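Dumped target.cif below, it's mmCIF, C-alpha atoms:
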```
data_input
#
loop_
_atom_site.label_atom_id
_atom_site.label_comp_id
_atom_site.auth_asym_id
_atom_site.auth_seq_id
_atom_site.Cartn_x
_atom_site.Cartn_y
_atom_site.Cartn_z
CA MET A 1 -166.84 17.08 182.42
CA ARG A 2 -165.28 15.36 179.40
CA GLY A 3 -162.72 17.03 177.25
CA ILE A 4 -158.98 17.56 176.87
CA LEU A 5 -156.91 17.05 180.01
CA ALA A 6 -153.59 18.03 178.41
CA ALA A 7 -152.37 18.97 174.95
CA ALA A 8 -149.00 19.46 173.24
CA GLY A 9 -147.58 19.81 169.76
CA TYR A 10 -144.15 18.89 168.41
CA VAL A 11 -142.51 20.92 165.65
CA PRO A 12 -139.10 19.64 164.43
CA TYR A 13 -136.04 21.79 165.00
CA ARG A 14 -135.29 22.20 161.29
CA ARG A 15 -137.13 24.43 158.85
CA LEU A 16 -136.89 25.06 155.13
CA GLN A 17 -137.00 28.54 153.66
CA ARG A 18 -139.42 28.17 150.76
CA SER A 19 -137.48 30.76 148.75
CA ASP A 20 -134.52 28.34 148.70
CA ILE A 21 -136.49 25.99 146.45
CA ARG A 22 -136.71 28.56 143.67
CA GLU A 23 -133.07 29.59 144.13
CA VAL A 24 -131.91 26.01 143.55
CA MET A 25 -134.50 24.73 141.08
CA GLY A 26 -135.56 27.91 139.30
CA SER A 27 -139.25 27.36 140.12
CA GLY A 28 -141.54 26.36 142.97
CA GLY A 29 -141.13 27.55 146.53
CA GLY A 30 -142.89 30.61 147.89
CA LYS A 31 -142.83 32.79 150.98
CA GLY A 32 -142.30 31.73 154.58
CA THR A 33 -140.98 28.46 155.95
CA ARG A 34 -142.05 24.88 156.48
CA SER A 35 -141.02 22.46 159.24
CA VAL A 36 -138.67 19.61 158.33
CA ALA A 37 -138.18 16.35 160.21
CA SER A 38 -134.51 15.46 160.54
CA PHE A 39 -132.96 12.43 158.84
CA ASP A 40 -133.32 10.45 162.09
CA GLU A 41 -136.99 11.31 162.65
CA ASP A 42 -140.13 9.66 161.39
CA THR A 43 -143.81 9.80 162.35
CA THR A 44 -143.23 7.43 165.28
CA THR A 45 -140.37 9.40 166.85
CA MET A 46 -142.25 12.70 166.42
CA ALA A 47 -145.31 11.17 168.09
CA VAL A 48 -143.17 10.19 171.07
CA GLU A 49 -141.83 13.74 171.35
CA ALA A 50 -145.33 15.24 171.23
CA CYS A 51 -146.45 12.94 174.06
CA ARG A 52 -143.37 13.77 176.14
CA LEU A 53 -144.22 17.48 175.87
CA LEU A 54 -147.62 17.02 177.52
CA GLY A 55 -146.12 17.94 180.88
CA THR A 56 -148.29 15.55 182.86
CA ASP A 57 -148.09 12.05 184.29
CA LEU A 58 -149.59 9.87 181.59
CA SER A 59 -151.96 7.21 182.85
CA PRO A 60 -154.22 6.50 179.87
CA ASP A 61 -156.42 3.47 179.43
CA SER A 62 -155.39 3.30 175.77
CA LEU A 63 -153.14 4.93 173.19
CA TRP A 64 -154.40 5.76 169.67
CA PHE A 65 -151.92 6.74 166.98
CA SER A 66 -152.90 8.15 163.60
CA THR A 67 -150.73 8.94 160.58
CA ALA A 68 -150.87 8.79 156.81
CA GLU A 69 -147.12 8.05 156.67
CA PRO A 70 -146.53 5.04 158.97
CA ALA A 71 -143.02 3.78 159.62
CA TYR A 72 -144.38 0.23 159.33
CA LEU A 73 -147.27 -1.50 157.62
CA ASP A 74 -148.71 -4.66 159.22
CA LYS A 75 -146.76 -3.93 162.42
CA THR A 76 -148.45 -1.64 164.96
CA ASN A 77 -146.47 1.62 165.19
CA ALA A 78 -148.25 2.65 168.40
CA ASN A 79 -146.40 -0.13 170.26
CA ALA A 80 -143.06 1.70 169.97
CA ILE A 81 -144.69 4.91 171.25
CA HIS A 82 -146.27 2.95 174.11
CA THR A 83 -142.94 1.44 175.16
CA ALA A 84 -140.97 4.68 174.80
CA LEU A 85 -143.46 6.34 177.16
CA ARG A 86 -143.11 3.41 179.57
CA LEU A 87 -146.86 2.81 179.73
CA ASP A 88 -148.17 -0.24 181.56
CA ASP A 89 -148.64 -3.46 179.60
CA ASP A 90 -152.41 -3.38 180.11
CA VAL A 91 -152.68 -0.06 178.23
CA ALA A 92 -153.94 -0.89 174.74
CA ALA A 93 -152.01 0.61 171.81
CA MET A 94 -153.49 0.79 168.34
CA ASP A 95 -152.96 2.48 164.99
CA VAL A 96 -155.78 4.49 163.43
CA GLY A 97 -154.29 5.57 160.15
CA GLY A 98 -153.87 5.50 156.43
CA ALA A 99 -155.82 8.69 155.66
CA ILE A 100 -155.38 12.33 156.61
CA ARG A 101 -158.88 12.33 158.12
CA SER A 102 -157.85 9.66 160.64
CA GLY A 103 -156.27 12.33 162.88
CA VAL A 104 -159.42 14.30 163.60
CA GLY A 105 -161.44 11.09 163.48
CA ALA A 106 -159.44 9.52 166.30
CA LEU A 107 -159.79 12.69 168.36
CA ARG A 108 -163.56 12.84 167.94
CA ALA A 109 -163.96 9.15 168.73
CA ALA A 110 -161.98 9.61 171.95
CA LEU A 111 -163.96 12.70 172.96
CA GLU A 112 -167.25 10.87 172.46
CA GLY A 113 -166.01 7.64 174.06
CA ASN A 114 -165.17 6.53 177.58
CA GLY A 115 -162.06 6.31 179.68
CA THR A 116 -158.80 8.20 179.43
CA ILE A 117 -157.31 8.03 175.94
CA LEU A 118 -153.98 9.35 174.71
CA VAL A 119 -154.56 10.47 171.12
CA VAL A 120 -151.48 11.31 169.05
CA SER A 121 -151.23 12.24 165.37
CA SER A 122 -148.07 12.63 163.32
CA ASP A 123 -147.19 13.18 159.68
CA MET A 124 -144.39 13.97 157.26
CA ARG A 125 -145.51 15.73 154.08
CA THR A 126 -143.46 15.96 150.95
CA GLY A 127 -143.81 15.95 147.19
CA LEU A 128 -141.75 16.08 144.04
CA PRO A 129 -139.20 18.91 143.90
CA THR A 130 -140.82 22.30 143.08
CA SER A 131 -144.33 20.92 143.73
CA ALA A 132 -146.91 22.74 145.83
CA ASP A 133 -146.99 19.85 148.30
CA GLU A 134 -143.26 20.11 148.86
CA ALA A 135 -143.41 23.82 149.67
CA GLN A 136 -146.74 23.97 151.51
CA GLY A 137 -146.38 20.73 153.45
CA GLY A 138 -144.86 20.39 156.89
CA ASP A 139 -143.74 17.81 159.44
CA GLY A 140 -144.96 17.56 163.01
CA ALA A 141 -147.05 15.82 165.62
CA ALA A 142 -149.63 16.63 168.27
CA ALA A 143 -150.92 14.79 171.32
CA THR A 144 -153.97 15.20 173.52
CA LEU A 145 -154.96 13.36 176.67
CA VAL A 146 -158.73 12.97 176.51
CA GLY A 147 -160.86 12.08 179.50
CA ASP A 148 -163.11 13.21 182.33
CA GLY A 149 -162.18 15.52 185.18
CA ASP A 150 -160.01 18.61 185.47
CA VAL A 151 -159.95 19.46 181.77
CA ILE A 152 -158.22 22.39 180.09
CA ALA A 153 -160.98 22.45 177.47
CA SER A 154 -164.43 20.91 177.68
CA TYR A 155 -165.89 19.23 174.63
CA LEU A 156 -169.22 20.80 173.67
CA GLY A 157 -170.05 18.69 170.61
CA GLY A 158 -169.24 18.00 167.00
CA ALA A 159 -170.58 17.01 163.62
CA SER A 160 -169.39 15.57 160.32
CA ALA A 161 -170.37 15.73 156.68
CA THR A 162 -169.12 12.95 154.40
CA ARG A 163 -169.29 12.41 150.67
CA GLU A 164 -167.16 10.28 148.35
CA PHE A 165 -165.16 12.37 145.87
CA LEU A 166 -161.65 12.22 144.43
CA GLU A 167 -159.69 15.30 145.48
CA ARG A 168 -156.37 13.96 146.88
CA TRP A 169 -154.98 10.44 146.74
CA ARG A 170 -151.77 8.44 147.00
CA THR A 171 -151.30 4.81 146.14
CA PRO A 172 -149.27 2.52 148.46
CA GLY A 173 -145.55 2.82 147.78
CA SER A 174 -145.77 6.21 146.09
CA ASN A 175 -143.68 9.11 147.41
CA ARG A 176 -146.11 11.77 146.25
CA SER A 177 -149.76 12.64 146.50
CA ARG A 178 -151.82 13.51 143.46
CA THR A 179 -154.66 16.01 143.37
CA TRP A 180 -157.57 16.94 141.15
CA GLU A 181 -158.12 20.42 139.76
CA ASP A 182 -158.43 23.03 142.53
CA ARG A 183 -161.85 24.38 141.65
CA PHE A 184 -163.42 20.94 141.95
CA GLY A 185 -162.13 20.45 145.51
CA GLU A 186 -163.32 23.90 146.50
CA SER A 187 -166.79 23.20 145.12
CA MET A 188 -166.99 20.05 147.25
CA TYR A 189 -165.47 21.21 150.54
CA SER A 190 -167.30 24.51 150.98
CA PRO A 191 -170.88 23.15 151.24
CA LEU A 192 -169.74 20.19 153.36
CA ALA A 193 -167.99 22.55 155.77
CA GLU A 194 -171.11 24.71 156.12
CA GLN A 195 -173.25 21.64 156.71
CA ALA A 196 -170.98 20.29 159.45
CA TRP A 197 -170.52 23.76 160.96
CA THR A 198 -174.25 24.40 161.33
CA ALA A 199 -174.84 20.97 162.86
CA ALA A 200 -171.88 21.22 165.25
CA LEU A 201 -172.89 24.64 166.63
CA LYS A 202 -176.41 23.35 167.16
CA THR A 203 -175.13 20.29 169.01
CA ALA A 204 -172.77 22.43 171.10
CA ASP A 205 -175.56 24.96 171.78
CA VAL A 206 -173.38 27.94 170.87
CA THR A 207 -173.95 30.76 168.40
CA GLU A 208 -170.56 32.48 168.39
CA VAL A 209 -167.00 31.24 168.17
CA ASP A 210 -164.00 33.13 169.60
CA VAL A 211 -161.14 31.13 168.08
CA LEU A 212 -161.27 29.28 164.76
CA CYS A 213 -158.93 26.56 163.48
CA VAL A 214 -159.33 25.33 159.90
CA ALA A 215 -157.15 22.42 158.79
CA GLY A 216 -156.91 20.89 155.35
CA MET A 217 -154.43 20.33 152.54
CA HIS A 218 -156.71 21.95 149.98
CA THR A 219 -155.38 25.48 150.42
CA ARG A 220 -158.11 27.29 148.51
CA SER A 221 -160.85 25.61 150.51
CA VAL A 222 -159.14 26.35 153.82
CA GLY A 223 -158.89 30.04 152.91
CA ARG A 224 -162.47 30.27 151.69
CA VAL A 225 -163.95 28.41 154.67
CA SER A 226 -161.90 30.45 157.16
CA LYS A 227 -163.13 33.69 155.63
CA ARG A 228 -166.74 32.55 155.31
CA LEU A 229 -167.11 31.20 158.85
CA GLY A 230 -165.23 34.08 160.42
CA ALA A 231 -164.07 34.51 164.01
CA PRO A 232 -162.34 37.22 166.03
CA ARG A 233 -159.18 35.10 165.92
CA THR A 234 -158.04 32.41 163.47
CA ILE A 235 -155.10 30.08 164.10
CA ASP A 236 -152.80 29.83 161.07
CA LEU A 237 -149.45 28.01 160.89
CA SER A 238 -149.18 27.96 157.10
CA SER A 239 -146.36 30.51 156.87
CA THR A 240 -144.16 28.97 159.58
CA VAL A 241 -144.86 25.25 159.92
CA GLY A 242 -146.86 24.43 156.80
CA ASP A 243 -149.56 21.80 156.59
CA THR A 244 -148.74 18.72 158.63
CA GLY A 245 -151.46 16.57 157.10
CA THR A 246 -152.82 14.04 159.58
CA ALA A 247 -151.44 16.06 162.52
CA GLN A 248 -152.60 19.48 161.31
CA ALA A 249 -156.06 19.58 162.90
CA MET A 250 -154.79 18.66 166.35
CA LEU A 251 -151.67 20.85 166.03
CA LEU A 252 -153.85 23.90 165.29
CA LEU A 253 -156.11 23.00 168.22
CA VAL A 254 -153.12 22.68 170.54
CA ASN A 255 -151.82 26.07 169.45
CA ALA A 256 -155.26 27.59 170.03
CA LEU A 257 -155.60 26.13 173.53
CA GLU A 258 -152.11 27.35 174.48
CA THR A 259 -153.24 30.94 173.98
CA ALA A 260 -157.02 30.87 174.53
CA ASN A 261 -158.62 32.69 177.44
CA SER A 262 -160.83 30.90 179.93
CA GLY A 263 -164.41 30.71 178.69
CA GLN A 264 -163.59 31.25 175.03
CA VAL A 265 -165.23 28.96 172.47
CA VAL A 266 -162.71 27.24 170.18
CA ALA A 267 -163.91 25.55 166.99
CA LEU A 268 -161.84 23.09 164.97
CA VAL A 269 -162.76 22.52 161.32
CA SER A 270 -161.01 19.77 159.36
CA LEU A 271 -161.39 19.42 155.60
CA ALA A 272 -160.33 15.96 154.44
CA ASP A 273 -162.62 13.69 152.43
CA GLY A 274 -165.50 15.63 153.94
CA ALA A 275 -165.74 18.04 156.86
CA ASP A 276 -165.46 17.53 160.61
CA VAL A 277 -166.19 20.23 163.18
CA LEU A 278 -165.39 19.94 166.90
CA VAL A 279 -166.35 22.65 169.41
CA PHE A 280 -164.64 23.27 172.76
CA ARG A 281 -164.76 25.75 175.62
CA ALA A 282 -161.42 26.72 177.12
CA VAL A 283 -161.46 26.15 180.89
CA ARG A 284 -157.95 26.87 182.11
CA ALA A 285 -154.40 27.24 180.86
CA GLY A 286 -152.65 23.99 180.07
CA ILE A 287 -149.17 25.00 178.98
CA PRO A 288 -146.93 22.07 177.90
CA LYS A 289 -143.18 21.86 178.45
CA ARG A 290 -142.68 23.77 175.19
CA THR A 291 -145.41 25.57 173.32
CA VAL A 292 -145.79 25.39 169.57
CA ASP A 293 -144.82 29.07 169.27
CA GLN A 294 -141.66 28.50 171.33
CA GLN A 295 -140.57 25.66 169.07
CA ILE A 296 -141.21 27.74 165.96
CA ALA A 297 -139.14 30.60 167.39
CA THR A 298 -136.07 28.40 168.03
CA ALA A 299 -136.05 26.55 164.68
CA THR A 300 -132.98 26.61 162.43
CA ASP A 301 -132.79 26.53 158.64
CA VAL A 302 -131.79 23.43 156.70
CA PRO A 303 -130.34 23.78 153.15
CA TYR A 304 -132.72 22.69 150.41
CA THR A 305 -130.24 20.16 149.04
CA ARG A 306 -129.93 18.51 152.45
CA PHE A 307 -133.73 18.41 152.73
CA LEU A 308 -133.83 16.60 149.36
CA SER A 309 -131.21 14.16 150.60
CA TRP A 310 -133.14 13.42 153.78
CA ARG A 311 -136.28 12.76 151.73
CA GLY A 312 -134.54 10.40 149.32
CA MET A 313 -134.93 12.81 146.38
CA LEU A 314 -131.16 13.29 146.12
CA THR A 315 -128.52 10.62 146.75
CA PRO A 316 -125.10 12.00 147.74
CA GLU A 317 -121.98 9.84 147.98
CA PRO A 318 -122.09 8.11 151.42
CA PRO A 319 -119.07 7.71 153.72
CA ASN A 320 -116.80 4.84 152.70
CA ARG A 321 -117.94 2.59 155.52
CA PRO A 322 -120.43 -0.31 155.55
CA GLU A 323 -124.04 0.39 156.39
CA PRO A 324 -125.27 -0.93 159.74
CA ALA A 325 -126.74 -4.41 159.97
CA ARG A 326 -130.33 -5.00 161.04
CA VAL A 327 -131.06 -5.23 164.75
CA SER A 328 -131.91 -8.51 166.44
CA ALA A 329 -135.60 -8.86 167.28
CA PRO A 330 -135.02 -11.10 170.37
CA ALA A 331 -132.27 -8.82 171.69
CA ALA A 332 -134.43 -5.74 171.19
CA GLU A 333 -137.31 -7.36 173.09
CA ARG A 334 -135.09 -8.45 175.98
CA GLY A 335 -133.74 -4.92 176.34
CA SER A 336 -136.94 -3.02 175.53
CA ASP A 337 -136.89 -1.01 178.78
CA TRP A 338 -133.40 0.21 177.91
CA LYS A 339 -133.81 0.51 174.16
CA PHE A 340 -137.23 2.21 174.09
CA GLY A 341 -137.59 3.63 177.61
CA PHE A 342 -133.92 4.53 178.29
CA VAL A 343 -134.04 2.86 181.70
CA GLY A 344 -130.67 1.81 183.16
CA ASP A 345 -130.39 -0.11 186.44
CA ASP A 346 -134.09 0.55 187.03
CA ARG A 347 -133.50 4.28 186.74
CA PRO A 348 -135.38 6.10 183.92
CA LEU A 349 -133.18 8.74 182.30
CA ALA A 350 -135.26 9.87 179.31
CA ASP A 351 -136.38 13.01 181.14
CA THR A 352 -133.00 13.72 182.79
CA GLN A 353 -130.69 16.37 181.39
CA GLY A 354 -126.93 16.06 181.25
CA THR A 355 -123.64 17.79 180.45
CA ILE A 356 -121.15 17.03 177.67
CA VAL A 357 -117.76 16.14 179.19
CA THR A 358 -116.05 15.31 175.89
CA PHE A 359 -117.04 14.68 172.28
CA THR A 360 -115.73 13.67 168.86
CA VAL A 361 -116.80 14.49 165.31
CA ASP A 362 -116.72 11.36 163.12
CA ARG A 363 -116.66 12.05 159.39
CA LEU A 364 -115.99 8.42 158.38
CA ALA A 365 -118.73 6.39 160.08
CA TYR A 366 -121.82 5.70 157.98
CA SER A 367 -124.65 8.19 158.37
CA PRO A 368 -127.44 9.45 156.10
CA SER A 369 -126.37 12.93 157.17
CA PRO A 370 -122.66 13.06 158.07
CA PRO A 371 -120.76 13.91 160.15
CA ILE A 372 -121.78 12.08 163.33
CA VAL A 373 -121.13 13.81 166.63
CA PHE A 374 -120.61 11.45 169.58
CA ALA A 375 -120.45 12.77 173.13
CA ILE A 376 -119.84 11.44 176.62
CA VAL A 377 -122.68 12.77 178.76
CA ASP A 378 -122.77 13.07 182.55
CA PHE A 379 -126.40 12.87 183.69
CA ASP A 380 -127.74 15.03 186.49
CA GLY A 381 -127.88 12.95 189.65
CA GLY A 382 -125.25 10.49 188.43
CA GLY A 383 -124.55 8.30 185.46
CA ARG A 384 -122.36 8.62 182.37
CA PHE A 385 -123.06 7.34 178.85
CA PRO A 386 -121.80 7.83 175.27
CA LEU A 387 -124.53 9.18 172.99
CA GLU A 388 -124.95 10.42 169.45
CA LEU A 389 -125.95 14.09 169.25
CA THR A 390 -128.70 15.28 166.95
CA ASP A 391 -130.10 18.67 165.88
CA VAL A 392 -126.62 20.14 166.23
CA ASP A 393 -124.02 21.97 164.18
CA ALA A 394 -120.78 19.99 164.59
CA ASP A 395 -118.73 23.19 164.61
CA LEU A 396 -120.67 24.69 167.52
CA VAL A 397 -120.58 21.80 170.01
CA LYS A 398 -118.59 22.57 173.19
CA VAL A 399 -117.60 20.73 176.34
CA GLY A 400 -119.99 21.85 179.06
CA ASP A 401 -123.01 22.11 176.77
CA ARG A 402 -126.27 21.01 178.34
CA VAL A 403 -128.26 18.30 176.57
CA GLU A 404 -131.58 16.51 176.88
CA MET A 405 -132.78 13.19 175.53
CA THR A 406 -134.86 12.68 172.39
CA PHE A 407 -136.28 9.50 170.83
CA ARG A 408 -134.83 8.99 167.36
CA LYS A 409 -134.01 6.45 164.67
CA LEU A 410 -130.40 5.22 164.61
CA SER A 411 -130.67 3.38 161.31
CA THR A 412 -132.87 1.29 159.06
CA ALA A 413 -131.72 -2.05 157.67
CA ASP A 414 -133.71 -4.82 156.00
CA GLY A 415 -136.83 -2.73 156.58
CA ILE A 416 -136.29 -2.68 160.36
CA HIS A 417 -136.06 0.68 162.11
CA ASN A 418 -133.53 0.75 164.93
CA TYR A 419 -135.04 3.20 167.44
CA PHE A 420 -133.03 4.49 170.40
CA TRP A 421 -132.27 7.70 172.26
CA LYS A 422 -129.97 10.53 171.26
CA ALA A 423 -128.99 13.76 172.98
CA ARG A 424 -129.78 17.26 171.70
CA PRO A 425 -128.81 20.70 173.00
CA VAL A 426 -131.10 22.26 175.59
CA ARG A 427 -132.51 25.36 173.93
#
```

Could you write out this structure as structure tokens?
Amino acid sequence: MRGILAAAGYVPYRRLQRSDIREVMGSGGGKGTRSVASFDEDTTTMAVEACRLLGTDLSPDSLWFSTAEPAYLDKTNANAIHTALRLDDDVAAMDVGGAIRSGVGALRAALEGNGTILVVSSDMRTGLPTSADEAQGGDGAAATLVGDGDVIASYLGGASATREFLERWRTPGSNRSRTWEDRFGESMYSPLAEQAWTAALKTADVTEVDVLCVAGMHTRSVGRVSKRLGAPRTIDLSSTVGDTGTAQAMLLLVNALETANSGQVVALVSLADGADVLVFRAVRAGIPKRTVDQQIATATDVPYTRFLSWRGMLTPEPPNRPEPARVSAPAAERGSDWKFGFVGDDRPLADTQGTIVTFTVDRLAYSPSPPIVFAIVDFDGGGRFPLELTDVDADLVKVGDRVEMTFRKLSTADGIHNYFWKARPVR
């Protein structure tokens, strides 16, 4: 039986209250919240976190990574994910990206392929201040282990409908997407969705769907298709997470599988440059280390002005210290097990928790989001190491706090991202 062996989604710890946008800018915003990647996160680090939440020993034959917001061009971003997960050298790692549709496309290709494939999608969505994309977008990642055997959801079949039309686009180097008039997109997506839906149900040999997931950045089309197709239960993260672009289809599917009952039929519809429909049957519970709902429930607000700063829309005065220099490529390669896998003396510590024995708050060292909190951490089972803390309020850190490791970005210099591990509170 081929299908999904494990699934997990990652939602960043920070969230933006959409009402804050209007309070600051006088327009824009809306109701609810959207997820916000921290200043030290990007699509690569979020992809690593999604994979780490799978809650299973990962032994894939290959790793496929899709995003419309890659940390690098030319260089394969999947390699950093591969090394952070400490996968064997003979496991292929490749990027499948550039377009929002690449997320669901990679998933379908894996489901209809051979071998065990780790499929991960990640995205960071933004737009100009007060824009609809800024308010309705979201940041996040999702990962699925696809293969044969003891699946949590069997793949019943799928179908696609494709047609060239200009609804959403972004040129290389631009920090915003542009869209055509809403009614045009709706007139294109609705018939394509119905075409793919009819074909997918026929291929899957099902007539009724229990749980429906509809992903797409064209809000009107998503609402219309969801209502027209209908299902006893529809997964919707628009009011809490927002639309995570490339990752949205798989994130909705993950959320559906976390709560679906055995035997229920789950349909995923993705609207991006056409329509893709994938149909599954839930087999058994496959709960990751943290569910999507649990991560949403523990999120904390970030001020709108800080969000703008993190996204490069607002440039505050930095600390009066020099920016970090670029990392050495040879040194990084020689220490890749330590730098990417957090392995010291042949002992992997990325999944080991620890306790803060002392800490300091540095308001002078350079940081895109000062102050920096450094802590000395005693790891369970032995070992002590100084680490930067992230996803914390400097005023609330205490000696004795429990922390866990998270893969983050220390700095970027000369276009080189310096990835390493930080500690965050156990929540």

_Once the PyMOL selection byres ((chain A and resi 177) around 9) has been evaluated on this model, what residues remain selected, and can you format them as JSON, numbers by chain?_
{"A": [126, 127, 133, 168, 169, 170, 171, 174, 175, 176, 178, 179]}

Just-selected residues, C-alpha atoms written as a PDB file, keeping the file's coordinate frame:
```pdb
ATOM      1  CA  THR A 126    -143.460  15.960 150.950  1.00  0.00           C
ATOM      2  CA  GLY A 127    -143.810  15.950 147.190  1.00  0.00           C
ATOM      3  CA  ASP A 133    -146.990  19.850 148.300  1.00  0.00           C
ATOM      4  CA  ARG A 168    -156.370  13.960 146.880  1.00  0.00           C
ATOM      5  CA  TRP A 169    -154.980  10.440 146.740  1.00  0.00           C
ATOM      6  CA  ARG A 170    -151.770   8.440 147.000  1.00  0.00           C
ATOM      7  CA  THR A 171    -151.300   4.810 146.140  1.00  0.00           C
ATOM      8  CA  SER A 174    -145.770   6.210 146.090  1.00  0.00           C
ATOM      9  CA  ASN A 175    -143.680   9.110 147.410  1.00  0.00           C
ATOM     10  CA  ARG A 176    -146.110  11.770 146.250  1.00  0.00           C
ATOM     11  CA  ARG A 178    -151.820  13.510 143.460  1.00  0.00           C
ATOM     12  CA  THR A 179    -154.660  16.010 143.370  1.00  0.00           C
TER      13      THR A 179
END
```

*Pick from A:Ala247, A:Val222, A:Val377, A:Ala275, whichever lies nearest to Ala199 (chain A) using all atoms listed in the file*: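 Of A:Ala247, A:Val222, A:Val377, A:Ala275, the one nearest Ala199 (chain A) is A:Ala275, counting all atoms listed in the file.
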
*Near Phe359 (chain A), counting only C-alpha atoms, which residues have an atom at most 9 Å away, once you skip same-chain residues fewer than 5 positions from it, shown as a list of chain:residue names?*
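What passes the distance filter is A:Val373, A:Phe374, A:Ala375, A:Ile376, A:Val377, A:Pro386, A:Val397, A:Lys398, A:Val399.
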
_Give me the residues near Gly9 (chain A) as a ChimeraX atom specification, where near means some atom within 8 Å (using all atoms listed in the file) and where sequence neighbours in that chain fewer than 5 positions away do not count._
/A:50,53,140-143,251,254-255,291-292

_Spatial neighbours of Phe165 (chain A), 12 Å, all atoms listed in the file, chain gap at least 2 places, as number ranges by chain_ = A: 162-163, 167-169, 179-180, 184-189, 192, 272-274

*I would like the residues chosen by the PyMOL selection byres ((chain A and resi 25-28) around 12) on the shown file; could you give them as a PyMOL selection string?*
chain A and resi 17-24+29-31+127-136+304-305+308

Please write the residues from the selection above to a file, keeping C-alpha atoms, as a tab-separated table (two decimals), in the coordinates of the input.
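Result file selection06.tsv:
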```
chain	number	residue	atom	x	y	z
A	17	GLN	CA	-137.00	28.54	153.66
A	18	ARG	CA	-139.42	28.17	150.76
A	19	SER	CA	-137.48	30.76	148.75
A	20	ASP	CA	-134.52	28.34	148.70
A	21	ILE	CA	-136.49	25.99	146.45
A	22	ARG	CA	-136.71	28.56	143.67
A	23	GLU	CA	-133.07	29.59	144.13
A	24	VAL	CA	-131.91	26.01	143.55
A	29	GLY	CA	-141.13	27.55	146.53
A	30	GLY	CA	-142.89	30.61	147.89
A	31	LYS	CA	-142.83	32.79	150.98
A	127	GLY	CA	-143.81	15.95	147.19
A	128	LEU	CA	-141.75	16.08	144.04
A	129	PRO	CA	-139.20	18.91	143.90
A	130	THR	CA	-140.82	22.30	143.08
A	131	SER	CA	-144.33	20.92	143.73
A	132	ALA	CA	-146.91	22.74	145.83
A	133	ASP	CA	-146.99	19.85	148.30
A	134	GLU	CA	-143.26	20.11	148.86
A	135	ALA	CA	-143.41	23.82	149.67
A	136	GLN	CA	-146.74	23.97	151.51
A	304	TYR	CA	-132.72	22.69	150.41
A	305	THR	CA	-130.24	20.16	149.04
A	308	LEU	CA	-133.83	16.60	149.36
```

*Name all residues at most 10 Å from Val96 (chain A) (count only C-alpha atoms; drop same-chain ones fewer than 2 positions away) and give them as a ChimeraX atom specification.*
/A:64-68,76-78,93-94,98-99,101-103,105-106,119-121

*Selection dump of the PyMOL selection byres ((chain A and resi 270) around 8), as a list of chain:residue names*: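 This file gives the following for the PyMOL selection byres ((chain A and resi 270) around 8): A:Arg101, A:Val104, A:Val214, A:Ala215, A:Gly216, A:Ala249, A:Leu268, A:Val269, A:Leu271, A:Ala272, A:Ala275, A:Asp276, A:Val277.
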
Enclose region 70-83 of chain A, meaning all of its atoms listed in the file, in a box aligned along x, y and z, pad it by 8 Å on each side, and list the centre and edge lengths in Å to one decimal, as lines of an AutoDock Vina configuration file.
```
center_x = -145.8
center_y = 0.2
center_z = 166.4
size_x = 21.8
size_y = 25.7
size_z = 33.5
```

_Test item: residues at most 9 Å from Tyr366 (chain A), all atoms listed in the file, excluding those fewer than 2 positions along its chain, as a list in words_ =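 Using all atoms listed in the file, the neighbours found are Pro318, Pro319, Asn320, Arg321, Pro322, Glu323, Pro324, Arg363, Leu364, Pro368, Ser369, Pro370, Pro371 and Ile372 of chain A.
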
_Between A:Asp74, A:Asp393, A:Glu258, A:Glu164, which residue has the minimum interatomic distance to Val211 (chain A), considering only C-alpha atoms?_
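Among A:Asp74, A:Asp393, A:Glu258, A:Glu164, it is A:Glu258 that comes nearest to Val211 (chain A).
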
*Rank nothing, just name the residue among A:Gly157, A:Pro12, A:Pro288, A:Gly312 nearest to Glu41 (chain A), using all atoms listed in the file.*
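The answer is A:Pro12, which sits nearest to Glu41 (chain A).
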
*Tell me, in Å to one decimal, how far CA of Val48 (chain A) is from CA of Ser238 (chain A).*
23.4 Å

*CA of Gln264 (chain A) to CA of Arg284 (chain A), distance in Å rounded to a single decimal*: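 Separation of CA of Gln264 (chain A) and CA of Arg284 (chain A): 10.1 Å.
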
Coordinates of region 35-52 of chain A, C-alpha atoms, as a short mmCIF file (atom, residue, chain, number, x, y, z; two decimals), in the first residue's frame:
```
data_model
loop_
_atom_site.label_atom_id
_atom_site.label_comp_id
_atom_site.auth_asym_id
_atom_site.auth_seq_id
_atom_site.Cartn_x
_atom_site.Cartn_y
_atom_site.Cartn_z
CA SER A 35 2.17 33.19 11.26
CA VAL A 36 5.51 35.01 11.15
CA ALA A 37 8.94 33.47 10.71
CA SER A 38 11.46 34.97 13.10
CA PHE A 39 14.43 37.08 11.95
CA ASP A 40 16.67 33.98 12.15
CA GLU A 41 14.36 31.72 10.14
CA ASP A 42 14.08 31.16 6.42
CA THR A 43 12.48 28.50 4.23
CA THR A 44 15.42 26.15 4.77
CA THR A 45 15.37 26.30 8.58
CA MET A 46 11.58 25.89 8.67
CA ALA A 47 11.85 22.86 6.40
CA VAL A 48 14.33 21.29 8.83
CA GLU A 49 11.94 21.89 11.72
CA ALA A 50 9.02 20.31 9.85
CA CYS A 51 11.09 17.20 9.15
CA ARG A 52 12.24 16.97 12.77
#
```
